file structure-v1.txt (compact mmCIF, C-alpha atoms)
# COMPACT_ATOMS: atom_id res chain seq x y z
CA MET A 295 10.32 -28.31 26.33
CA SER A 296 11.13 -27.47 22.77
CA SER A 297 14.82 -27.70 22.01
CA THR A 298 15.62 -31.07 20.53
CA ALA A 299 19.37 -30.73 20.22
CA THR A 300 20.38 -28.38 23.01
CA GLY A 301 21.31 -31.24 25.30
CA GLU A 302 23.58 -32.74 22.68
CA SER A 303 25.19 -29.45 21.74
CA ALA A 304 27.03 -29.30 25.06
CA THR A 305 28.91 -32.43 24.13
CA LYS A 306 29.40 -31.47 20.47
CA SER A 307 32.79 -30.13 19.53
CA ARG A 308 33.19 -26.39 19.82
CA ARG A 309 33.65 -26.09 16.09
CA GLU A 310 30.18 -27.54 15.61
CA ALA A 311 28.58 -25.85 18.60
CA LEU A 312 26.64 -23.17 16.72
CA ASN A 313 26.14 -25.16 13.54
CA GLU A 314 22.53 -25.94 12.93
CA SER A 315 21.99 -29.52 11.85
CA SER A 316 18.22 -30.04 11.90
CA VAL A 317 16.28 -29.47 8.70
CA TRP A 318 12.57 -28.69 8.84
CA HIS A 319 10.35 -29.01 5.78
CA VAL A 320 7.86 -26.17 5.60
CA TYR A 321 4.33 -26.98 4.44
CA ALA A 322 1.58 -24.42 3.95
CA ARG A 323 -1.72 -23.74 2.24
CA ARG A 324 -3.71 -20.66 1.34
CA LYS A 325 -7.25 -22.09 1.28
CA TYR A 326 -9.06 -24.78 3.19
CA ASP A 327 -9.95 -26.63 -0.03
CA GLU A 328 -6.30 -26.82 -0.98
CA PRO A 329 -3.92 -29.46 0.45
CA LEU A 330 -0.78 -28.56 2.36
CA HIS A 331 2.17 -28.46 0.02
CA GLU A 332 5.87 -28.14 0.57
CA ILE A 333 7.05 -24.56 0.09
CA GLY A 334 10.66 -24.87 1.30
CA ASN A 335 12.78 -25.67 4.32
CA VAL A 336 14.62 -24.00 7.18
CA MET A 337 17.56 -25.11 9.32
CA ALA A 338 17.47 -24.68 13.09
CA ASP A 339 18.17 -26.95 16.02
CA ASP A 340 15.69 -25.04 18.17
CA VAL A 341 12.08 -25.68 17.16
CA GLU A 342 10.97 -22.21 18.32
CA LEU A 343 13.63 -20.59 16.14
CA ALA A 344 12.58 -22.85 13.25
CA LYS A 345 9.04 -21.47 13.60
CA VAL A 346 10.28 -17.87 13.60
CA TYR A 347 12.46 -18.49 10.56
CA ALA A 348 9.71 -20.25 8.61
CA ARG A 349 7.27 -17.41 9.28
CA SER A 350 9.64 -14.65 8.27
CA ILE A 351 11.16 -16.37 5.22
CA TYR A 352 7.98 -17.80 3.67
CA ASP A 353 5.75 -14.74 4.08
CA GLU A 354 4.91 -14.32 0.39
CA PHE A 355 1.25 -15.22 0.95
CA SER A 356 -1.14 -14.87 3.83
CA TRP A 357 -1.22 -18.59 4.56
CA ILE A 358 -4.10 -20.01 6.57
CA GLU A 359 -1.93 -22.87 7.81
CA MET A 360 1.79 -23.57 8.03
CA VAL A 361 3.42 -26.63 9.58
CA LEU A 362 6.98 -27.86 10.05
CA VAL A 363 8.05 -31.47 9.55
CA PRO A 364 11.46 -32.54 10.87
CA ARG A 365 13.42 -34.21 8.07
CA GLN A 366 14.60 -36.94 10.41
CA SER A 367 11.00 -38.09 10.93
CA ILE A 368 10.47 -38.77 7.25
CA VAL A 369 10.34 -42.47 6.45
CA LYS A 370 11.39 -43.41 2.98
CA VAL A 371 9.28 -46.19 1.43
CA PHE A 372 11.28 -46.58 -1.73
CA GLU A 373 13.53 -44.65 -4.02
CA THR A 374 14.36 -45.38 -7.64
CA MET B 995 -9.04 22.36 18.20
CA ALA B 996 -6.71 22.95 21.10
CA SER B 997 -9.54 22.41 23.57
CA LYS B 998 -9.96 18.83 22.34
CA ARG B 999 -6.42 17.96 23.36
CA ILE B 1000 -5.87 15.75 26.38
CA ASP B 1001 -3.95 17.34 29.24
CA ASN B 1002 -1.95 14.45 30.68
CA ALA B 1003 1.80 14.95 31.12
CA ALA B 1004 2.35 11.45 32.54
CA LEU B 1005 0.70 9.63 29.65
CA PHE B 1006 2.46 11.93 27.17
CA ALA B 1007 5.82 11.10 28.76
CA VAL B 1008 5.31 7.34 28.72
CA LEU B 1009 4.00 7.34 25.13
CA SER B 1010 7.09 9.34 24.10
CA SER B 1011 9.32 6.80 25.83
CA LEU B 1012 7.53 3.83 24.24
CA ALA B 1013 7.72 5.36 20.76
CA ASP B 1014 11.37 6.40 21.15
CA ASN B 1015 12.39 2.97 22.43
CA LYS B 1016 10.56 1.21 19.61
CA GLN B 1017 12.15 3.56 17.08
CA ALA B 1018 15.63 3.03 18.55
CA ILE B 1019 15.22 -0.76 18.65
CA GLY B 1020 14.09 -0.69 15.01
CA ARG B 1021 17.10 1.38 13.98
CA ARG B 1022 19.53 -0.89 15.83
CA TYR B 1023 17.89 -4.05 14.48
CA ALA B 1024 18.05 -2.65 10.94
CA PHE B 1025 21.81 -2.47 11.11
CA TRP B 1026 22.01 -6.21 11.88
CA SER B 1027 19.39 -7.41 9.44
CA ASN B 1028 22.25 -7.75 7.00
CA GLY B 1029 24.94 -8.88 9.41
CA ALA B 1030 23.32 -11.73 11.35
CA PRO B 1031 25.38 -14.91 11.76
CA ALA B 1032 22.99 -16.93 9.58
CA LEU B 1033 20.78 -16.11 6.63
CA GLU B 1034 17.59 -17.27 8.37
CA ALA B 1035 18.36 -15.01 11.32
CA ALA B 1036 19.02 -12.08 8.96
CA VAL B 1037 15.59 -12.49 7.36
CA ALA B 1038 13.97 -12.73 10.80
CA ALA B 1039 15.88 -9.62 11.91
CA ALA B 1040 14.61 -7.71 8.86
CA ALA B 1041 11.03 -8.73 9.66
CA MET B 1042 11.43 -7.68 13.29
CA THR B 1043 12.96 -4.36 12.21
CA GLN B 1044 9.82 -3.61 10.23
CA ASP B 1045 7.63 -4.57 13.17
CA GLU B 1046 9.51 -2.31 15.60
CA LEU B 1047 9.52 0.69 13.26
CA GLY B 1048 5.85 0.01 12.61
CA HIS B 1049 5.10 0.11 16.33
CA ALA B 1050 6.94 3.44 16.59
CA ARG B 1051 4.95 4.75 13.63
CA THR B 1052 1.65 3.90 15.23
CA LEU B 1053 2.65 5.48 18.57
CA TYR B 1054 4.16 8.82 17.47
CA PRO B 1055 0.90 10.25 16.00
CA LEU B 1056 -0.76 9.83 19.42
CA LEU B 1057 1.50 12.53 20.87
CA ASP B 1058 -0.29 15.16 18.84
CA ASN B 1059 -3.49 14.54 20.83
CA PHE B 1060 -1.98 16.04 23.98
CA THR B 1061 -1.75 19.59 25.29
CA GLN B 1062 1.90 18.81 26.07
CA ALA B 1063 2.58 18.65 22.31
CA GLU B 1064 1.90 22.38 21.93
CA ALA B 1065 5.07 23.40 23.77
CA GLU B 1066 7.37 21.99 21.10
CA PRO B 1067 5.50 21.00 17.92
CA THR B 1068 8.73 19.94 16.18
CA GLN B 1069 9.17 17.15 18.74
CA ILE B 1070 6.01 15.39 17.57
CA GLU B 1071 6.99 14.22 14.09
CA PRO B 1072 9.62 11.45 14.21
CA GLU B 1073 11.34 13.13 11.25
CA THR B 1074 12.01 16.36 13.17
CA ARG B 1075 12.18 14.97 16.69
CA THR B 1076 15.58 15.37 18.34
CA LEU B 1077 14.71 14.10 21.84
CA HIS B 1078 15.33 10.43 22.52
CA TYR B 1079 13.60 9.08 25.59
CA SER B 1080 15.03 5.66 24.89
CA LEU B 1081 17.35 3.52 27.00
CA ALA B 1082 20.97 4.69 27.14
CA PHE B 1083 21.98 1.21 25.93
CA LEU B 1084 20.43 2.09 22.56
CA ASP B 1085 22.40 5.35 22.19
CA GLN B 1086 25.29 3.52 20.54
CA ASP B 1087 25.50 0.88 17.82
CA PHE B 1088 25.26 -2.68 19.03
CA ARG B 1089 28.71 -4.11 19.75
CA GLY B 1090 27.74 -7.34 18.08
CA TRP B 1091 25.00 -9.89 17.50
CA MET B 1092 24.87 -10.57 21.26
CA ASP B 1093 23.56 -7.04 21.83
CA PHE B 1094 20.82 -7.73 19.30
CA VAL B 1095 19.83 -10.86 21.19
CA ALA B 1096 19.98 -9.08 24.57
CA THR B 1097 17.82 -6.19 23.29
CA ASN B 1098 15.35 -8.64 21.75
CA PHE B 1099 15.15 -10.75 24.91
CA LEU B 1100 15.29 -8.02 27.58
CA ILE B 1101 14.08 -4.59 26.35
CA ASP B 1102 11.51 -5.75 23.84
CA THR B 1103 9.98 -8.11 26.41
CA ALA B 1104 9.87 -5.29 29.00
CA LEU B 1105 7.96 -3.04 26.59
CA THR B 1106 5.59 -5.92 25.81
CA THR B 1107 4.98 -6.34 29.56
CA PHE B 1108 3.83 -2.72 29.60
CA PHE B 1109 1.56 -3.19 26.57
CA GLU B 1110 0.04 -6.26 28.20
CA ALA B 1111 -0.83 -4.12 31.21
CA ALA B 1112 -2.56 -1.70 28.82
CA GLN B 1113 -4.78 -4.26 27.06
CA ASN B 1114 -7.82 -2.99 28.94
CA SER B 1115 -6.56 0.58 29.16
CA SER B 1116 -8.89 3.45 29.90
CA TYR B 1117 -7.09 5.24 27.04
CA GLU B 1118 -8.69 3.66 24.00
CA ALA B 1119 -5.96 4.52 21.47
CA LEU B 1120 -3.37 2.70 23.58
CA ARG B 1121 -5.70 -0.23 24.21
CA GLN B 1122 -6.15 -0.92 20.50
CA ARG B 1123 -2.46 -0.54 19.69
CA SER B 1124 -1.39 -2.68 22.62
CA ARG B 1125 -3.41 -5.64 21.43
CA LYS B 1126 -1.94 -5.46 17.94
CA ILE B 1127 1.61 -5.02 19.24
CA ILE B 1128 1.31 -7.96 21.67
CA GLN B 1129 0.19 -10.17 18.78
CA GLU B 1130 3.25 -9.26 16.67
CA GLU B 1131 5.60 -9.52 19.63
CA ARG B 1132 4.83 -13.21 20.13
CA ILE B 1133 7.27 -14.03 17.32
CA HIS B 1134 9.90 -11.68 18.75
CA VAL B 1135 9.73 -13.47 22.09
CA MET B 1136 10.31 -16.83 20.41
CA HIS B 1137 13.27 -15.39 18.53
CA GLY B 1138 14.81 -13.84 21.63
CA GLU B 1139 14.38 -16.96 23.77
CA GLY B 1140 15.60 -19.24 20.99
CA TRP B 1141 18.80 -17.27 20.52
CA VAL B 1142 19.49 -16.97 24.25
CA ARG B 1143 19.19 -20.78 24.45
CA ARG B 1144 21.46 -21.34 21.46
CA LEU B 1145 24.17 -18.97 22.64
CA ALA B 1146 24.03 -20.16 26.24
CA ASN B 1147 24.24 -23.81 25.24
CA ALA B 1148 27.20 -23.12 22.94
CA GLY B 1149 29.23 -22.46 26.08
CA GLY B 1150 32.71 -20.97 26.27
CA ALA B 1151 33.42 -17.52 24.87
CA VAL B 1152 30.06 -17.36 23.10
CA ARG B 1153 28.09 -17.88 26.30
CA ALA B 1154 30.35 -15.43 28.15
CA ALA B 1155 29.87 -12.73 25.52
CA MET B 1156 26.11 -13.13 25.65
CA LEU B 1157 26.08 -12.94 29.44
CA ASP B 1158 28.09 -9.73 29.16
CA SER B 1159 25.45 -8.19 26.87
CA LEU B 1160 22.62 -9.28 29.17
CA GLU B 1161 24.46 -7.80 32.15
CA ARG B 1162 25.02 -4.42 30.47
CA LEU B 1163 21.28 -4.15 29.78
CA TRP B 1164 19.92 -5.77 32.93
CA ASN B 1165 19.60 -2.87 35.38
CA GLU B 1166 18.44 -0.31 32.87
CA THR B 1167 15.66 -2.57 31.61
CA LEU B 1168 14.40 -3.28 35.13
CA CYS B 1169 14.55 0.44 35.92
CA TRP B 1170 12.50 1.44 32.86
CA PHE B 1171 9.28 0.61 34.74
CA GLY B 1172 10.32 3.32 37.24
CA PRO B 1173 10.74 3.23 41.02
CA GLN B 1174 7.66 2.02 42.90
CA ASP B 1175 6.81 5.65 43.83
CA ASP B 1176 7.35 6.90 40.25
CA PRO B 1177 4.70 9.64 39.93
CA VAL B 1178 4.32 9.04 36.19
CA MET B 1179 3.63 5.27 36.26
CA GLN B 1180 1.62 5.60 39.49
CA GLN B 1181 -0.63 8.16 37.81
CA LEU B 1182 -1.21 5.84 34.82
CA TYR B 1183 -2.03 3.07 37.28
CA GLN B 1184 -4.50 5.27 39.23
CA GLU B 1185 -6.18 6.43 36.00
CA GLY B 1186 -6.59 2.88 34.70
CA VAL B 1187 -4.31 3.45 31.71
CA ILE B 1188 -2.39 0.38 32.89
CA ASP B 1189 -3.46 -2.19 35.47
CA ALA B 1190 -0.21 -2.50 37.45
CA SER B 1191 2.19 -0.47 39.58
CA PRO B 1192 5.94 -0.33 38.70
CA ASP B 1193 6.81 -3.15 41.12
CA GLU B 1194 3.99 -5.30 39.77
CA LEU B 1195 5.15 -4.66 36.18
CA ARG B 1196 8.67 -5.71 37.20
CA ARG B 1197 7.28 -8.85 38.84
CA ARG B 1198 5.32 -9.76 35.69
CA TYR B 1199 8.37 -9.04 33.56
CA LEU B 1200 10.65 -11.30 35.62
CA HIS B 1201 7.95 -13.97 35.49
CA LYS B 1202 8.29 -13.88 31.68
CA ILE B 1203 12.07 -13.96 31.37
CA MET B 1204 13.22 -15.94 34.41
CA PRO B 1205 12.08 -19.43 33.29
CA THR B 1206 14.42 -19.21 30.27
CA LEU B 1207 17.33 -17.79 32.26
CA SER B 1208 17.08 -20.23 35.16
CA SER B 1209 16.70 -23.24 32.87
CA LEU B 1210 20.05 -22.25 31.33
CA ASP B 1211 21.71 -21.69 34.74
CA ILE B 1212 22.24 -18.02 33.94
CA ASN B 1213 22.79 -16.19 37.21
CA VAL B 1214 21.12 -12.81 37.57
CA PRO B 1215 20.54 -10.78 40.76
CA VAL B 1216 17.03 -12.14 41.29
CA THR B 1217 15.57 -14.41 43.94
CA PHE B 1218 12.43 -16.50 43.92
CA ASP B 1219 10.09 -15.74 46.78
CA ALA B 1220 8.29 -19.00 47.54
CA ALA B 1221 5.62 -17.25 49.64
CA THR B 1222 4.38 -14.99 46.84
CA LYS B 1223 5.57 -17.34 44.07
CA SER B 1224 7.27 -14.46 42.33
CA TRP B 1225 10.73 -13.34 41.25
CA GLN B 1226 12.18 -10.25 42.93
CA PRO B 1227 15.39 -8.29 42.28
CA SER B 1228 17.83 -9.36 45.00
CA ALA B 1229 20.13 -6.34 44.65
CA PRO B 1230 19.07 -2.68 44.90
CA LEU B 1231 18.53 -1.10 41.48
CA PRO B 1232 20.78 1.88 40.65
CA TRP B 1233 18.15 4.61 41.09
CA TYR B 1234 20.94 7.15 41.76
CA SER B 1235 21.51 7.38 38.00
CA TRP B 1236 17.82 7.22 37.02
CA ASN B 1237 16.70 10.02 34.76
CA ALA B 1238 12.97 10.38 35.30
CA THR B 1239 12.35 12.55 32.21
CA GLY B 1240 14.12 10.26 29.77
CA ARG B 1241 13.17 7.05 31.61
CA ARG B 1242 16.74 5.81 31.34
CA LEU B 1243 19.88 5.27 33.39
CA ASN B 1244 21.86 8.36 32.62
CA THR B 1245 21.88 11.36 34.90
CA SER B 1246 22.79 13.71 32.07
CA GLY B 1247 19.39 13.02 30.53
CA PRO B 1248 18.42 12.03 27.01
CA ILE B 1249 20.77 12.64 24.13
CA VAL B 1250 19.60 15.25 21.70
CA ARG B 1251 20.15 14.45 18.04
CA ARG B 1252 18.40 13.43 14.90
CA TRP B 1253 18.56 9.92 13.48
CA ALA B 1254 20.85 9.98 10.47
CA ARG B 1255 18.99 9.45 7.23
CA SER B 1256 21.49 7.01 5.87
CA ILE B 1257 23.16 4.07 7.52
CA GLY B 1258 26.16 4.38 5.25
CA PRO B 1259 27.88 1.58 3.36
CA TYR B 1260 25.98 -1.10 5.23
CA ARG B 1261 22.93 -0.37 3.19
CA ARG B 1262 24.55 -1.82 0.12
CA MET B 1263 25.91 -4.88 1.85
CA ILE B 1264 24.02 -8.08 2.51
CA MET B 1265 25.81 -10.36 4.94
CA GLY B 1266 29.20 -9.31 3.63
CA TYR B 1267 28.14 -9.48 0.00
CA ASN B 1268 28.48 -6.35 -2.09
CA ARG B 1269 28.97 -6.71 -5.83
CA ASP B 1270 29.71 -3.03 -6.43
CA ASP B 1271 32.21 -2.42 -3.69
CA ALA B 1272 35.48 -1.74 -5.49
CA GLU B 1273 37.48 -1.52 -2.29
CA LYS B 1274 36.43 -4.81 -0.90
CA THR B 1275 38.18 -5.49 2.38
CA PRO B 1276 39.58 -8.98 2.70
CA GLU B 1277 38.74 -9.10 6.39
CA VAL B 1278 35.63 -10.91 7.43
CA THR B 1279 34.43 -9.78 10.85
CA CYS B 1280 32.89 -12.26 13.27
CA PRO B 1281 29.35 -11.13 14.17
CA TYR B 1282 29.69 -12.63 17.64
CA CYS B 1283 32.95 -11.13 18.92
CA GLY B 1284 34.07 -8.65 16.24
CA SER B 1285 37.37 -10.41 15.59
CA THR B 1286 38.83 -10.42 12.09
CA ASP B 1287 40.83 -13.58 12.75
CA THR B 1288 38.43 -15.64 10.66
CA GLU B 1289 38.80 -18.33 8.00
CA LEU B 1290 36.66 -19.86 5.28
CA PHE B 1291 35.27 -23.03 6.80
CA SER B 1292 32.81 -24.53 4.36
CA LEU B 1293 31.63 -23.60 0.87
CA PHE B 1294 28.05 -24.35 1.84
CA GLY B 1295 26.25 -22.92 4.79
CA GLN B 1296 22.72 -23.71 5.83
CA GLN B 1297 21.50 -22.43 2.49
CA LEU B 1298 23.11 -22.83 -0.95
CA LEU B 1299 23.80 -19.13 -1.27
CA THR B 1300 25.87 -18.87 1.90
CA VAL B 1301 29.38 -19.91 2.84
CA GLN B 1302 30.51 -20.64 6.36
CA TYR B 1303 33.32 -18.87 8.08
CA TYR B 1304 34.97 -19.86 11.34
CA CYS B 1305 36.13 -17.39 13.98
CA ASN B 1306 39.47 -18.37 15.49
CA THR B 1307 39.01 -16.01 18.42
CA CYS B 1308 35.68 -17.13 19.86
CA HIS B 1309 35.67 -20.51 18.03
CA THR B 1310 32.29 -20.24 16.36
CA PRO B 1311 31.03 -20.70 12.82
CA PHE B 1312 28.96 -18.01 11.11
CA GLU B 1313 27.59 -17.39 7.62
CA ARG B 1314 28.11 -14.92 4.81
CA VAL B 1315 26.39 -14.60 1.46
CA LYS B 1316 28.54 -16.18 -1.25
CA ASP B 1317 30.83 -13.79 -3.00
CA ASP B 1318 31.78 -14.03 -6.69
CA ASP B 1319 35.41 -14.50 -5.65
CA VAL B 1320 34.58 -17.56 -3.58
CA LEU B 1321 32.64 -19.04 -6.51
CA ASP B 1322 35.47 -18.30 -8.96
CA ASP B 1323 37.96 -20.00 -6.67
CA TYR B 1324 35.63 -22.94 -6.32
CA THR B 1325 35.10 -23.26 -10.09
CA ALA B 1326 38.85 -23.18 -10.68
CA GLN B 1327 39.41 -25.77 -8.02
CA SER B 1328 36.78 -28.17 -9.28
CA GLN B 1329 37.98 -27.84 -12.90
CA LYS B 1330 41.48 -28.67 -11.76
CA ALA B 1331 40.18 -31.63 -9.81
CA ARG B 1332 38.21 -32.89 -12.82
CA LYS B 1333 41.28 -32.69 -15.09
CA GLU B 1334 43.34 -34.60 -12.58
CA GLY B 1335 40.60 -37.19 -12.36
CA GLN B 1336 40.65 -37.75 -16.15
CA ARG B 1337 44.34 -38.50 -16.16
call {"tool": "encode", "arguments": {"input": "structure-v1.txt", "output": "structure tokens"}}
result
Amino acid sequence: MSSTATGESATKSRREALNESSVWHVYARRKYDEPLHEIGNVMADDVELAKVYARSIYDEFSWIEMVLVPRQSIVKVFET
Amino acid sequence: MASKRIDNAALFAVLSSLADNKQAIGRRYAFWSNGAPALEAAVAAAAMTQDELGHARTLYPLLDNFTQAEAEPTQIEPETRTLHYSLAFLDQDFRGWMDFVATNFLIDTALTTFFEAAQNSSYEALRQRSRKIIQEERIHVMHGEGWVRRLANAGGAVRAAMLDSLERLWNETLCWFGPQDDPVMQQLYQEGVIDASPDELRRRYLHKIMPTLSSLDINVPVTFDAATKSWQPSAPLPWYSWNATGRRLNTSGPIVRRWARSIGPYRRMIMGYNRDDAEKTPEVTCPYCGSTDTELFSLFGQQLLTVQYYCNTCHTPFERVKDDDVLDDYTAQSQKARKEGQR
């Protein structure tokens, strides 16, 4: 359903079992005529927990939209 | 004035129980909003604390609208109230983070099941509040389910400790809805305050929590009835210790006391960090199992301001806010390393 890493965590070593490894970039905007911009990130292997964390940590404004982008999905075009 | 009051002992009793449970959950959550195993979870716990106390705050004033309030006016204001019609599980401090997760997943979801049954309530004040509470509880459900998944999938002692917390809360939560012939809940059902009988509420509740539990192979005394497509308790519930007045499993009734105004030294501590504490204890307690057999594991946790500790008893990592001492040690270490590198 939602958990991306729960299947793997069973095979992970015990020492790593409760270590979160997935980073989610948090994007939000306050107005419709404003683009989404990155406001921070959260770490959680469970996407539902990532949503809860993002909502409670980045609650400084009443956003009209907030999205999460998994860091592993980001494709780097170039870097100088 | 007095003639305007509603004479309804059943509704008064259930509203008292809802408010007291919300208040107790808020107080217990508050304690852990600075002791969660990770900084993100601590922030979420603080937000949920505010929600729960907020729900209590919106429910307590309703009590004053009832004739039943006249008997003991001091029991109406949460500040002077000494009765606690909340679950016996909430009488004591949580034993650890697992109790937080169990309360979040089991009790809070049970109360939400009730509020959902009151969305079209004949009692307007409850109808409005229910809708608002259900909206806020959506996040709490995600948090509870997410943590149950995490802890269950971690396996070993962590999973076992969480199962223990779920088990200690299980019966009392299912009993909160009352026996099927509970005169209080049955009256609310007949009057249209809620749209379900106790057994129906229990069925709806199990329908909410069982998908998560069964997907994680967590065994609870519940069976799936294929004919009615519903989950049913497979073992008799312990009604012999049911206290109908307090709506809790404790034959001696509700405890009578006032919430302490202060929560002591914990107020000044944020995830183990306290700059002003002169008598800093070297022990770092594991939030999962309470053991002090812990060691510094990594200088960086999930966020820059946290360090990771490792519990040697239950074999799990957890976070603390960085202490000045840790930073001093680190600075000294890196300076030493740099000097050695120059040579």
call {"tool": "closest_residue", "arguments": {"input": "structure-v1.txt", "among": "B:Gly1029, B:Pro1215, B:Pro1067, B:Gly1149", "to": "chain A", "atoms": "all atoms listed in the file"}}
result
B:Gly1149
call {"tool": "closest_residue", "arguments": {"input": "structure-v1.txt", "among": "B:Thr1043, B:Thr1097, B:Thr1300, B:Asn1002", "to": "Glu1166 of chain B", "atoms": "only C-alpha atoms"}}
result
B:Thr1097
call {"tool": "closest_residue", "arguments": {"input": "structure-v1.txt", "among": "A:Tyr326, A:Trp357, A:Phe372, A:Trp318", "to": "chain B", "atoms": "only C-alpha atoms"}}
result
A:Trp318
call {"tool": "atom_distance", "arguments": {"input": "structure-v1.txt", "atom1": "atom CA of Ile358 of chain A", "atom2": "atom CA of Arg324 of chain A"}}
result
5.3 Å
call {"tool": "closest_residue", "arguments": {"input": "structure-v1.txt", "among": "A:Ala338, A:Ala344, A:Val371, A:Ile333", "to": "Ser316 of chain A", "atoms": "all atoms listed in the file"}}
result
A:Ala338
call {"tool": "closest_residue", "arguments": {"input": "structure-v1.txt", "among": "A:Leu330, A:Asn335, A:Glu342, A:Val320", "to": "chain B", "atoms": "only C-alpha atoms"}}
result
A:Glu342
call {"tool": "build_atoms", "arguments": {"input": "structure-v1.txt", "residues": "segment 1295-1309 of chain B", "atoms": "N, CA and C atoms", "output": "tab-separated table (two decimals), keeping the file's coordinate frame"}}
result
chain	number	residue	atom	x	y	z
B	1295	GLY	N	26.79	-23.15	3.46
B	1295	GLY	CA	26.25	-22.92	4.79
B	1295	GLY	C	24.93	-23.65	4.89
B	1296	GLN	N	24.01	-23.07	5.66
B	1296	GLN	CA	22.72	-23.71	5.83
B	1296	GLN	C	21.90	-23.60	4.55
B	1297	GLN	N	22.17	-22.58	3.77
B	1297	GLN	CA	21.50	-22.43	2.49
B	1297	GLN	C	22.57	-22.43	1.40
B	1298	LEU	N	22.13	-22.74	0.14
B	1298	LEU	CA	23.11	-22.83	-0.95
B	1298	LEU	C	23.83	-21.52	-1.20
B	1299	LEU	N	23.17	-20.40	-0.92
B	1299	LEU	CA	23.80	-19.13	-1.27
B	1299	LEU	C	24.72	-18.59	-0.18
B	1300	THR	N	24.96	-19.36	0.86
B	1300	THR	CA	25.87	-18.87	1.90
B	1300	THR	C	27.11	-19.76	2.00
B	1301	VAL	N	28.17	-19.15	2.49
B	1301	VAL	CA	29.38	-19.91	2.84
B	1301	VAL	C	29.53	-19.79	4.36
B	1302	GLN	N	30.29	-20.71	4.92
B	1302	GLN	CA	30.51	-20.64	6.36
B	1302	GLN	C	31.93	-20.18	6.66
B	1303	TYR	N	32.02	-19.28	7.58
B	1303	TYR	CA	33.32	-18.87	8.08
B	1303	TYR	C	33.47	-19.39	9.51
B	1304	TYR	N	34.71	-19.41	9.98
B	1304	TYR	CA	34.97	-19.86	11.34
B	1304	TYR	C	35.80	-18.80	12.04
B	1305	CYS	N	35.39	-18.41	13.25
B	1305	CYS	CA	36.13	-17.39	13.98
B	1305	CYS	C	37.16	-18.08	14.89
B	1306	ASN	N	38.41	-17.73	14.69
B	1306	ASN	CA	39.47	-18.37	15.49
B	1306	ASN	C	39.59	-17.77	16.88
B	1307	THR	N	38.93	-16.63	17.11
B	1307	THR	CA	39.01	-16.01	18.42
B	1307	THR	C	37.97	-16.60	19.38
B	1308	CYS	N	36.71	-16.60	18.95
B	1308	CYS	CA	35.68	-17.13	19.86
B	1308	CYS	C	35.24	-18.54	19.46
B	1309	HIS	N	35.90	-19.12	18.43
B	1309	HIS	CA	35.67	-20.51	18.03
B	1309	HIS	C	34.21	-20.80	17.70
